[in-house]
>>> print(open('data_20.cif').read())   # mmCIF, C-alpha atoms
data_data
#
loop_
_atom_site.label_atom_id
_atom_site.label_comp_id
_atom_site.auth_asym_id
_atom_site.auth_seq_id
_atom_site.Cartn_x
_atom_site.Cartn_y
_atom_site.Cartn_z
CA MET A 896 8.03 2.21 16.90
CA VAL A 897 8.43 4.85 14.21
CA GLN A 898 7.02 2.36 11.71
CA HIS A 899 4.02 1.81 13.97
CA ARG A 900 3.40 5.54 14.37
CA ALA A 901 3.64 6.01 10.61
CA HIS A 902 0.97 3.32 10.18
CA ALA A 903 -1.32 4.87 12.80
CA SER A 904 -1.09 8.16 10.96
CA ILE A 905 -1.91 6.79 7.49
CA ASP A 906 -4.80 4.84 9.09
CA HIS A 907 -6.31 8.10 10.40
CA VAL A 908 -5.78 9.88 7.11
CA VAL A 909 -7.37 7.09 5.05
CA ALA A 910 -10.29 6.72 7.49
CA ALA A 911 -10.81 10.51 7.31
CA ILE A 912 -11.13 10.46 3.51
CA SER A 913 -13.43 7.39 3.46
CA ASP A 914 -16.44 9.70 3.97
CA PRO A 915 -17.91 11.63 1.00
CA THR A 916 -18.71 14.72 3.14
CA ARG A 917 -15.11 14.93 4.33
CA ARG A 918 -13.76 14.50 0.79
CA ALA A 919 -16.14 17.27 -0.34
CA ILE A 920 -14.84 19.58 2.45
CA LEU A 921 -11.27 19.01 1.23
CA ASP A 922 -12.33 19.60 -2.37
CA ARG A 923 -13.89 22.91 -1.28
CA LEU A 924 -10.76 23.96 0.64
CA ALA A 925 -8.60 23.09 -2.36
CA ARG A 926 -10.11 26.27 -3.90
CA GLY A 927 -8.75 28.31 -0.96
CA PRO A 928 -9.17 28.90 2.81
CA ALA A 929 -12.68 29.86 3.93
CA ARG A 930 -14.70 30.61 7.03
CA ILE A 931 -16.24 27.53 8.62
CA SER A 932 -19.84 28.81 8.25
CA GLU A 933 -19.22 29.46 4.55
CA VAL A 934 -17.77 25.95 3.99
CA ALA A 935 -20.66 24.38 5.96
CA GLU A 936 -23.41 26.20 4.05
CA PRO A 937 -23.98 23.81 1.10
CA PHE A 938 -24.00 20.68 3.29
CA PRO A 939 -27.43 19.32 4.30
CA MET A 940 -26.62 18.89 8.02
CA THR A 941 -26.44 20.88 11.26
CA LEU A 942 -23.36 22.96 12.02
CA THR A 943 -22.68 20.59 14.95
CA GLY A 944 -22.70 17.59 12.61
CA PHE A 945 -20.50 19.47 10.15
CA CYS A 946 -18.00 20.39 12.87
CA LYS A 947 -17.63 16.72 13.82
CA HIS A 948 -16.44 16.01 10.28
CA VAL A 949 -14.04 18.97 10.50
CA ARG A 950 -12.58 17.58 13.75
CA VAL A 951 -11.91 14.21 12.08
CA LEU A 952 -10.06 16.06 9.30
CA GLU A 953 -8.11 18.14 11.85
CA ARG A 954 -7.04 15.04 13.79
CA ALA A 955 -5.83 13.48 10.55
CA GLY A 956 -3.79 16.64 9.89
CA LEU A 957 -5.69 17.40 6.67
CA VAL A 958 -7.29 20.68 7.79
CA ARG A 959 -5.94 23.59 9.84
CA ARG A 960 -8.31 25.84 11.78
CA THR A 961 -7.38 29.41 12.72
CA ARG A 962 -9.41 31.98 14.62
CA ARG A 963 -10.04 35.11 12.60
CA GLY A 964 -12.60 37.43 14.20
CA ARG A 965 -15.73 35.68 15.42
CA ASP A 966 -15.60 32.88 12.86
CA ASN A 967 -12.95 30.20 12.42
CA THR A 968 -11.12 29.87 9.14
CA LEU A 969 -10.36 26.46 7.65
CA GLU A 970 -7.36 25.80 5.47
CA LEU A 971 -6.32 22.71 3.52
CA SER A 972 -3.24 20.90 4.81
CA PRO A 973 -2.64 18.36 2.03
CA ALA A 974 0.73 16.89 3.12
CA PRO A 975 -0.69 13.73 4.79
CA LEU A 976 -2.33 12.75 1.48
CA ARG A 977 1.13 12.33 0.04
CA GLU A 978 1.72 9.09 1.95
CA VAL A 979 -1.68 7.77 0.80
CA ALA A 980 -0.76 8.60 -2.79
CA ARG A 981 2.59 6.86 -2.39
CA TRP A 982 0.90 3.68 -1.12
CA VAL A 983 -1.85 3.65 -3.77
CA LEU A 984 0.56 4.38 -6.63
CA GLN A 985 2.52 1.20 -5.85
CA TYR A 986 -0.46 -0.46 -7.55
CA GLU A 987 -0.36 1.67 -10.69
CA GLN A 988 1.81 -0.91 -12.49
CA PHE A 989 -1.01 -3.48 -12.04
CA TRP A 990 -3.58 -1.32 -13.86
CA ASN A 991 -1.02 -0.71 -16.59
CA ASP A 992 -0.07 -4.40 -16.81
CA ARG A 993 -3.75 -5.30 -17.11
CA LEU A 994 -4.31 -2.66 -19.81
CA ASN A 995 -1.24 -3.94 -21.65
CA ARG A 996 -2.51 -7.52 -21.45
CA LEU A 997 -5.94 -6.42 -22.77
CA HIS A 998 -4.21 -4.54 -25.58
CA ASP A 999 -2.12 -7.63 -26.49
CA PHE A 1000 -5.22 -9.84 -26.35
CA PHE A 1001 -7.19 -7.67 -28.78
CA ALA A 1002 -4.15 -7.24 -31.04
CA ASN A 1003 -3.83 -11.06 -31.18
CA GLU A 1004 -7.56 -11.52 -31.85
CA LYS A 1005 -7.39 -9.01 -34.68
CA GLU A 1006 -4.38 -10.80 -36.18
CA LYS A 1007 -6.15 -14.18 -36.00
CA SER A 1008 -9.25 -12.81 -37.73
CA GLN A 1009 -7.24 -11.45 -40.68
CA MET B 635 -27.75 8.22 -9.11
CA VAL B 636 -24.63 7.08 -10.94
CA GLN B 637 -22.66 9.76 -9.06
CA HIS B 638 -24.06 8.43 -5.78
CA ARG B 639 -23.15 4.83 -6.63
CA ALA B 640 -19.64 5.90 -7.60
CA HIS B 641 -19.30 7.59 -4.19
CA ALA B 642 -20.59 4.53 -2.33
CA SER B 643 -17.98 2.44 -4.09
CA ILE B 644 -15.01 4.72 -3.40
CA ASP B 645 -16.19 4.95 0.25
CA HIS B 646 -15.98 1.16 0.59
CA VAL B 647 -12.61 1.01 -1.11
CA VAL B 648 -11.09 3.76 1.05
CA ALA B 649 -12.58 2.28 4.25
CA ALA B 650 -11.14 -1.11 3.24
CA ILE B 651 -7.61 0.28 2.92
CA SER B 652 -7.80 2.30 6.18
CA ASP B 653 -6.71 -0.81 8.12
CA PRO B 654 -2.99 -1.80 8.22
CA THR B 655 -3.78 -5.55 8.13
CA ARG B 656 -5.85 -5.12 4.98
CA ARG B 657 -3.15 -3.00 3.32
CA ALA B 658 -0.62 -5.70 4.25
CA ILE B 659 -2.85 -8.38 2.65
CA LEU B 660 -2.95 -6.37 -0.59
CA ASP B 661 0.82 -5.83 -0.44
CA ARG B 662 1.26 -9.61 -0.10
CA LEU B 663 -1.09 -10.32 -3.03
CA ALA B 664 0.76 -7.77 -5.17
CA ARG B 665 3.53 -10.42 -5.26
CA GLY B 666 1.08 -12.92 -6.79
CA PRO B 667 -2.05 -15.00 -5.99
CA ALA B 668 -1.76 -17.31 -3.00
CA ARG B 669 -3.75 -19.78 -0.91
CA ILE B 670 -5.68 -18.13 1.91
CA SER B 671 -3.91 -20.18 4.62
CA GLU B 672 -0.54 -19.15 3.20
CA VAL B 673 -1.50 -15.44 3.13
CA ALA B 674 -2.92 -15.67 6.68
CA GLU B 675 0.15 -17.36 8.17
CA PRO B 676 2.30 -14.31 9.13
CA PHE B 677 -0.63 -12.41 10.69
CA PRO B 678 -0.96 -12.64 14.50
CA MET B 679 -4.70 -13.45 14.53
CA THR B 680 -7.11 -16.35 14.16
CA LEU B 681 -8.07 -17.55 10.68
CA THR B 682 -11.63 -16.39 11.44
CA GLY B 683 -10.40 -12.86 12.21
CA PHE B 684 -8.24 -12.93 9.10
CA CYS B 685 -11.17 -14.04 6.93
CA LYS B 686 -13.23 -11.06 8.14
CA HIS B 687 -10.55 -8.74 6.75
CA VAL B 688 -10.58 -10.71 3.48
CA ARG B 689 -14.36 -10.30 3.22
CA VAL B 690 -14.06 -6.50 3.61
CA LEU B 691 -11.51 -6.51 0.78
CA GLU B 692 -13.77 -8.74 -1.37
CA ARG B 693 -16.78 -6.45 -0.85
CA ALA B 694 -14.64 -3.47 -1.89
CA GLY B 695 -13.69 -5.38 -5.07
CA LEU B 696 -9.99 -5.39 -4.14
CA VAL B 697 -9.56 -9.15 -3.76
CA ARG B 698 -10.94 -12.08 -5.75
CA ARG B 699 -11.35 -15.51 -4.14
CA THR B 700 -11.40 -18.72 -6.19
CA ARG B 701 -11.78 -22.30 -5.01
CA ARG B 702 -8.83 -24.48 -5.96
CA GLY B 703 -8.83 -27.88 -4.25
CA ARG B 704 -9.52 -27.75 -0.52
CA ASP B 705 -8.10 -24.26 0.01
CA ASN B 706 -9.29 -20.95 -1.47
CA THR B 707 -6.94 -18.86 -3.55
CA LEU B 708 -6.83 -15.09 -3.19
CA GLU B 709 -5.91 -12.77 -6.03
CA LEU B 710 -5.37 -9.01 -6.11
CA SER B 711 -7.97 -7.00 -8.02
CA PRO B 712 -6.38 -3.56 -8.06
CA ALA B 713 -8.79 -1.66 -10.37
CA PRO B 714 -10.83 0.04 -7.59
CA LEU B 715 -7.63 1.68 -6.28
CA ARG B 716 -7.45 3.62 -9.50
CA GLU B 717 -10.32 5.91 -8.48
CA VAL B 718 -8.69 6.48 -5.08
CA ALA B 719 -5.43 7.40 -6.82
CA ARG B 720 -7.30 9.77 -9.14
CA TRP B 721 -8.90 11.56 -6.18
CA VAL B 722 -5.70 11.79 -4.12
CA LEU B 723 -3.60 12.96 -7.06
CA GLN B 724 -5.82 16.03 -7.49
CA TYR B 725 -3.90 17.25 -4.43
CA GLU B 726 -0.45 16.61 -5.86
CA GLN B 727 -0.22 20.20 -7.15
CA PHE B 728 -0.58 21.44 -3.55
CA TRP B 729 2.46 19.49 -2.33
CA ASN B 730 4.36 20.71 -5.35
CA ASP B 731 3.17 24.32 -4.86
CA ARG B 732 4.28 24.15 -1.23
CA LEU B 733 7.66 22.69 -2.20
CA ASN B 734 8.04 25.41 -4.85
CA ARG B 735 7.20 28.12 -2.31
CA LEU B 736 9.74 26.67 0.13
CA HIS B 737 12.33 26.58 -2.64
CA ASP B 738 11.59 30.22 -3.57
CA PHE B 739 11.75 31.23 0.10
CA PHE B 740 15.19 29.71 0.62
CA ALA B 741 16.43 31.06 -2.71
CA ASN B 742 15.32 34.57 -1.61
CA GLU B 743 16.92 34.18 1.82
CA LYS B 744 20.16 33.09 0.19
CA GLU B 745 20.07 36.11 -2.16
CA LYS B 746 19.41 38.49 0.75
CA SER B 747 22.33 37.09 2.74
CA GLN B 748 24.80 37.57 -0.13
#
>>> encode(input="data_20.cif", output="structure tokens")
Amino acid sequence: MVQHRAHASIDHVVAAISDPTRRAILDRLARGPARISEVAEPFPMTLTGFCKHVRVLERAGLVRRTRRGRDNTLELSPAPLREVARWVLQYEQFWNDRLNRLHDFFANEKEKSQ
Amino acid sequence: MVQHRAHASIDHVVAAISDPTRRAILDRLARGPARISEVAEPFPMTLTGFCKHVRVLERAGLVRRTRRGRDNTLELSPAPLREVARWVLQYEQFWNDRLNRLHDFFANEKEKSQ
């Protein structure tokens, strides 16, 4: 059961970051918390459309929203990305193995041509 | 334009790995190439349903399919995960910062209580 819940959570997190607007919102919040209207400003969409993206990020646990005066403040909550990083980095050895094989191949070719 | 194409590609890759079945297929192929029927066997779904997942992985460039005899062979193609790792790891400092702040907090509390 715990295993299943852990999967459901990483599914939401990964789906949340599959959209370039949502990744851009996180990149903006990585520079510090900001009011929602301020974060929304550079995006070519309505505030309603923008807020839908924010809700997806909130549900994935990647963004925290707090009321401060009349405007809401958004803050990055990066912890769920850690599990994504852990999964993806299992594959790091494969890039390195491939790079090592390419290196060996070219080293061999060079040796043959001498 | 190049920037846009790069985004489209990482979107497909991240969407592809947002599904637990597709992550499990990659985890299986990380142990080595295998015939499609062999990879499909432990999954509780029809071969048609399984092949849909494989096609999503192929389109994202994460799996390569080669014909060998009557059955197709699937092989891991991990390179596209590298860009995902690069994006996610930008956030590593935030986990570390948070862990450092927690460490400082408990160190201070301990000092105060002595």
>>> interface_residues(input="data_20.cif", of="chain A", to="chain B", cutoff="12 Å", atoms="all atoms listed in the file", output="ChimeraX atom specification")
/A:898-919,921-927,957,971-994
>>> residues_near_point(input="data_20.cif", point="(-16.2, 30.8, 13.4)", cutoff="12 Å", atoms="only C-alpha atoms", output="number ranges by chain")
A: 929-935, 942, 946, 960-969
>>> atom_distance(input="data_20.cif", atom1="atom CA of Val951 of chain A", atom2="atom CA of Arg693 of chain B")
24.9 Å
>>> atom_distance(input="data_20.cif", atom1="atom CA of Pro667 of chain B", atom2="atom CA of Phe684 of chain B")
16.4 Å
>>> atom_distance(input="data_20.cif", atom1="atom CA of Val697 of chain B", atom2="atom CA of Glu709 of chain B")
5.6 Å
>>> decode(input="data_20.cif", residues="segment 653-687 of chain B", atoms="N, CA, C and O atoms", output="PDB file, in the first residue's frame")
ATOM      1  N   ASP B 653       4.231   7.662 -16.008  1.00  0.00           N
ATOM      2  CA  ASP B 653       3.387   6.473 -15.815  1.00  0.00           C
ATOM      3  C   ASP B 653       4.205   5.334 -15.175  1.00  0.00           C
ATOM      4  O   ASP B 653       5.299   5.021 -15.666  1.00  0.00           O
ATOM      5  N   PRO B 654       3.677   4.716 -14.100  1.00  0.00           N
ATOM      6  CA  PRO B 654       4.458   3.681 -13.397  1.00  0.00           C
ATOM      7  C   PRO B 654       4.771   2.459 -14.265  1.00  0.00           C
ATOM      8  O   PRO B 654       5.840   1.858 -14.108  1.00  0.00           O
ATOM      9  N   THR B 655       3.862   2.095 -15.187  1.00  0.00           N
ATOM     10  CA  THR B 655       4.147   0.961 -16.082  1.00  0.00           C
ATOM     11  C   THR B 655       5.344   1.290 -16.969  1.00  0.00           C
ATOM     12  O   THR B 655       6.241   0.467 -17.150  1.00  0.00           O
ATOM     13  N   ARG B 656       5.357   2.501 -17.496  1.00  0.00           N
ATOM     14  CA  ARG B 656       6.466   2.868 -18.395  1.00  0.00           C
ATOM     15  C   ARG B 656       7.783   2.972 -17.641  1.00  0.00           C
ATOM     16  O   ARG B 656       8.839   2.578 -18.159  1.00  0.00           O
ATOM     17  N   ARG B 657       7.738   3.458 -16.384  1.00  0.00           N
ATOM     18  CA  ARG B 657       8.993   3.475 -15.607  1.00  0.00           C
ATOM     19  C   ARG B 657       9.451   2.042 -15.326  1.00  0.00           C
ATOM     20  O   ARG B 657      10.643   1.740 -15.377  1.00  0.00           O
ATOM     21  N   ALA B 658       8.481   1.149 -15.077  1.00  0.00           N
ATOM     22  CA  ALA B 658       8.836  -0.256 -14.807  1.00  0.00           C
ATOM     23  C   ALA B 658       9.438  -0.912 -16.054  1.00  0.00           C
ATOM     24  O   ALA B 658      10.358  -1.735 -15.939  1.00  0.00           O
ATOM     25  N   ILE B 659       8.948  -0.552 -17.238  1.00  0.00           N
ATOM     26  CA  ILE B 659       9.520  -1.103 -18.482  1.00  0.00           C
ATOM     27  C   ILE B 659      10.986  -0.664 -18.606  1.00  0.00           C
ATOM     28  O   ILE B 659      11.873  -1.463 -18.903  1.00  0.00           O
ATOM     29  N   LEU B 660      11.239   0.622 -18.341  1.00  0.00           N
ATOM     30  CA  LEU B 660      12.623   1.116 -18.418  1.00  0.00           C
ATOM     31  C   LEU B 660      13.502   0.419 -17.379  1.00  0.00           C
ATOM     32  O   LEU B 660      14.641   0.035 -17.683  1.00  0.00           O
ATOM     33  N   ASP B 661      12.959   0.248 -16.165  1.00  0.00           N
ATOM     34  CA  ASP B 661      13.732  -0.426 -15.111  1.00  0.00           C
ATOM     35  C   ASP B 661      14.082  -1.856 -15.549  1.00  0.00           C
ATOM     36  O   ASP B 661      15.188  -2.336 -15.292  1.00  0.00           O
ATOM     37  N   ARG B 662      13.140  -2.528 -16.212  1.00  0.00           N
ATOM     38  CA  ARG B 662      13.404  -3.886 -16.721  1.00  0.00           C
ATOM     39  C   ARG B 662      14.511  -3.853 -17.782  1.00  0.00           C
ATOM     40  O   ARG B 662      15.426  -4.677 -17.757  1.00  0.00           O
ATOM     41  N   LEU B 663      14.415  -2.882 -18.716  1.00  0.00           N
ATOM     42  CA  LEU B 663      15.387  -2.817 -19.817  1.00  0.00           C
ATOM     43  C   LEU B 663      16.768  -2.353 -19.339  1.00  0.00           C
ATOM     44  O   LEU B 663      17.768  -2.565 -20.030  1.00  0.00           O
ATOM     45  N   ALA B 664      16.808  -1.734 -18.166  1.00  0.00           N
ATOM     46  CA  ALA B 664      18.103  -1.333 -17.594  1.00  0.00           C
ATOM     47  C   ALA B 664      18.935  -2.574 -17.285  1.00  0.00           C
ATOM     48  O   ALA B 664      20.156  -2.510 -17.197  1.00  0.00           O
ATOM     49  N   ARG B 665      18.260  -3.746 -17.136  1.00  0.00           N
ATOM     50  CA  ARG B 665      18.988  -4.993 -16.880  1.00  0.00           C
ATOM     51  C   ARG B 665      19.465  -5.640 -18.173  1.00  0.00           C
ATOM     52  O   ARG B 665      20.168  -6.648 -18.140  1.00  0.00           O
ATOM     53  N   GLY B 666      19.083  -5.066 -19.326  1.00  0.00           N
ATOM     54  CA  GLY B 666      19.544  -5.588 -20.614  1.00  0.00           C
ATOM     55  C   GLY B 666      18.411  -5.670 -21.617  1.00  0.00           C
ATOM     56  O   GLY B 666      17.239  -5.693 -21.226  1.00  0.00           O
ATOM     57  N   PRO B 667      18.736  -5.711 -22.933  1.00  0.00           N
ATOM     58  CA  PRO B 667      17.698  -5.810 -23.971  1.00  0.00           C
ATOM     59  C   PRO B 667      16.925  -7.118 -23.804  1.00  0.00           C
ATOM     60  O   PRO B 667      17.460  -8.089 -23.270  1.00  0.00           O
ATOM     61  N   ALA B 668      15.682  -7.126 -24.253  1.00  0.00           N
ATOM     62  CA  ALA B 668      14.873  -8.339 -24.121  1.00  0.00           C
ATOM     63  C   ALA B 668      13.778  -8.342 -25.169  1.00  0.00           C
ATOM     64  O   ALA B 668      13.404  -7.292 -25.699  1.00  0.00           O
ATOM     65  N   ARG B 669      13.264  -9.567 -25.472  1.00  0.00           N
ATOM     66  CA  ARG B 669      12.159  -9.676 -26.419  1.00  0.00           C
ATOM     67  C   ARG B 669      10.915  -9.057 -25.819  1.00  0.00           C
ATOM     68  O   ARG B 669      10.686  -9.142 -24.611  1.00  0.00           O
ATOM     69  N   ILE B 670      10.094  -8.442 -26.677  1.00  0.00           N
ATOM     70  CA  ILE B 670       8.929  -7.690 -26.211  1.00  0.00           C
ATOM     71  C   ILE B 670       7.973  -8.591 -25.416  1.00  0.00           C
ATOM     72  O   ILE B 670       7.432  -8.164 -24.384  1.00  0.00           O
ATOM     73  N   SER B 671       7.796  -9.839 -25.840  1.00  0.00           N
ATOM     74  CA  SER B 671       6.865 -10.735 -25.140  1.00  0.00           C
ATOM     75  C   SER B 671       7.374 -11.049 -23.732  1.00  0.00           C
ATOM     76  O   SER B 671       6.594 -11.177 -22.786  1.00  0.00           O
ATOM     77  N   GLU B 672       8.691 -11.139 -23.626  1.00  0.00           N
ATOM     78  CA  GLU B 672       9.340 -11.428 -22.345  1.00  0.00           C
ATOM     79  C   GLU B 672       9.198 -10.236 -21.389  1.00  0.00           C
ATOM     80  O   GLU B 672       8.919 -10.401 -20.199  1.00  0.00           O
ATOM     81  N   VAL B 673       9.367  -9.008 -21.932  1.00  0.00           N
ATOM     82  CA  VAL B 673       9.240  -7.800 -21.106  1.00  0.00           C
ATOM     83  C   VAL B 673       7.783  -7.639 -20.669  1.00  0.00           C
ATOM     84  O   VAL B 673       7.490  -7.252 -19.533  1.00  0.00           O
ATOM     85  N   ALA B 674       6.840  -7.972 -21.581  1.00  0.00           N
ATOM     86  CA  ALA B 674       5.414  -7.767 -21.311  1.00  0.00           C
ATOM     87  C   ALA B 674       4.885  -8.729 -20.246  1.00  0.00           C
ATOM     88  O   ALA B 674       3.954  -8.394 -19.504  1.00  0.00           O
ATOM     89  N   GLU B 675       5.492  -9.905 -20.165  1.00  0.00           N
ATOM     90  CA  GLU B 675       4.940 -11.016 -19.374  1.00  0.00           C
ATOM     91  C   GLU B 675       4.475 -10.657 -17.952  1.00  0.00           C
ATOM     92  O   GLU B 675       3.337 -10.956 -17.599  1.00  0.00           O
ATOM     93  N   PRO B 676       5.301  -9.976 -17.128  1.00  0.00           N
ATOM     94  CA  PRO B 676       4.842  -9.724 -15.752  1.00  0.00           C
ATOM     95  C   PRO B 676       3.760  -8.646 -15.622  1.00  0.00           C
ATOM     96  O   PRO B 676       3.229  -8.463 -14.521  1.00  0.00           O
ATOM     97  N   PHE B 677       3.448  -7.926 -16.698  1.00  0.00           N
ATOM     98  CA  PHE B 677       2.494  -6.819 -16.574  1.00  0.00           C
ATOM     99  C   PHE B 677       1.051  -7.314 -16.740  1.00  0.00           C
ATOM    100  O   PHE B 677       0.756  -8.032 -17.702  1.00  0.00           O
ATOM    101  N   PRO B 678       0.156  -6.913 -15.803  1.00  0.00           N
ATOM    102  CA  PRO B 678      -1.225  -7.398 -15.836  1.00  0.00           C
ATOM    103  C   PRO B 678      -2.068  -6.629 -16.852  1.00  0.00           C
ATOM    104  O   PRO B 678      -2.967  -5.882 -16.491  1.00  0.00           O
ATOM    105  N   MET B 679      -1.734  -6.807 -18.157  1.00  0.00           N
ATOM    106  CA  MET B 679      -2.494  -6.122 -19.212  1.00  0.00           C
ATOM    107  C   MET B 679      -2.340  -6.909 -20.509  1.00  0.00           C
ATOM    108  O   MET B 679      -1.496  -7.805 -20.587  1.00  0.00           O
ATOM    109  N   THR B 680      -3.143  -6.565 -21.504  1.00  0.00           N
ATOM    110  CA  THR B 680      -3.042  -7.246 -22.792  1.00  0.00           C
ATOM    111  C   THR B 680      -1.755  -6.819 -23.496  1.00  0.00           C
ATOM    112  O   THR B 680      -1.195  -5.752 -23.187  1.00  0.00           O
ATOM    113  N   LEU B 681      -1.307  -7.605 -24.463  1.00  0.00           N
ATOM    114  CA  LEU B 681      -0.111  -7.237 -25.224  1.00  0.00           C
ATOM    115  C   LEU B 681      -0.355  -5.942 -25.997  1.00  0.00           C
ATOM    116  O   LEU B 681       0.555  -5.119 -26.141  1.00  0.00           O
ATOM    117  N   THR B 682      -1.603  -5.741 -26.462  1.00  0.00           N
ATOM    118  CA  THR B 682      -1.948  -4.510 -27.173  1.00  0.00           C
ATOM    119  C   THR B 682      -1.772  -3.292 -26.257  1.00  0.00           C
ATOM    120  O   THR B 682      -1.186  -2.280 -26.656  1.00  0.00           O
ATOM    121  N   GLY B 683      -2.284  -3.401 -25.038  1.00  0.00           N
ATOM    122  CA  GLY B 683      -2.140  -2.307 -24.064  1.00  0.00           C
ATOM    123  C   GLY B 683      -0.672  -2.056 -23.749  1.00  0.00           C
ATOM    124  O   GLY B 683      -0.227  -0.910 -23.681  1.00  0.00           O
ATOM    125  N   PHE B 684       0.076  -3.152 -23.596  1.00  0.00           N
ATOM    126  CA  PHE B 684       1.501  -3.037 -23.306  1.00  0.00           C
ATOM    127  C   PHE B 684       2.225  -2.324 -24.453  1.00  0.00           C
ATOM    128  O   PHE B 684       3.064  -1.447 -24.220  1.00  0.00           O
ATOM    129  N   CYS B 685       1.875  -2.697 -25.694  1.00  0.00           N
ATOM    130  CA  CYS B 685       2.558  -2.118 -26.855  1.00  0.00           C
ATOM    131  C   CYS B 685       2.288  -0.619 -26.989  1.00  0.00           C
ATOM    132  O   CYS B 685       3.128   0.121 -27.507  1.00  0.00           O
ATOM    133  N   LYS B 686       1.129  -0.160 -26.494  1.00  0.00           N
ATOM    134  CA  LYS B 686       0.854   1.285 -26.497  1.00  0.00           C
ATOM    135  C   LYS B 686       1.863   2.022 -25.617  1.00  0.00           C
ATOM    136  O   LYS B 686       2.378   3.069 -25.985  1.00  0.00           O
ATOM    137  N   HIS B 687       2.130   1.432 -24.441  1.00  0.00           N
ATOM    138  CA  HIS B 687       3.128   2.031 -23.547  1.00  0.00           C
ATOM    139  C   HIS B 687       4.505   2.053 -24.225  1.00  0.00           C
ATOM    140  O   HIS B 687       5.244   3.024 -24.121  1.00  0.00           O
TER     141      HIS B 687
END
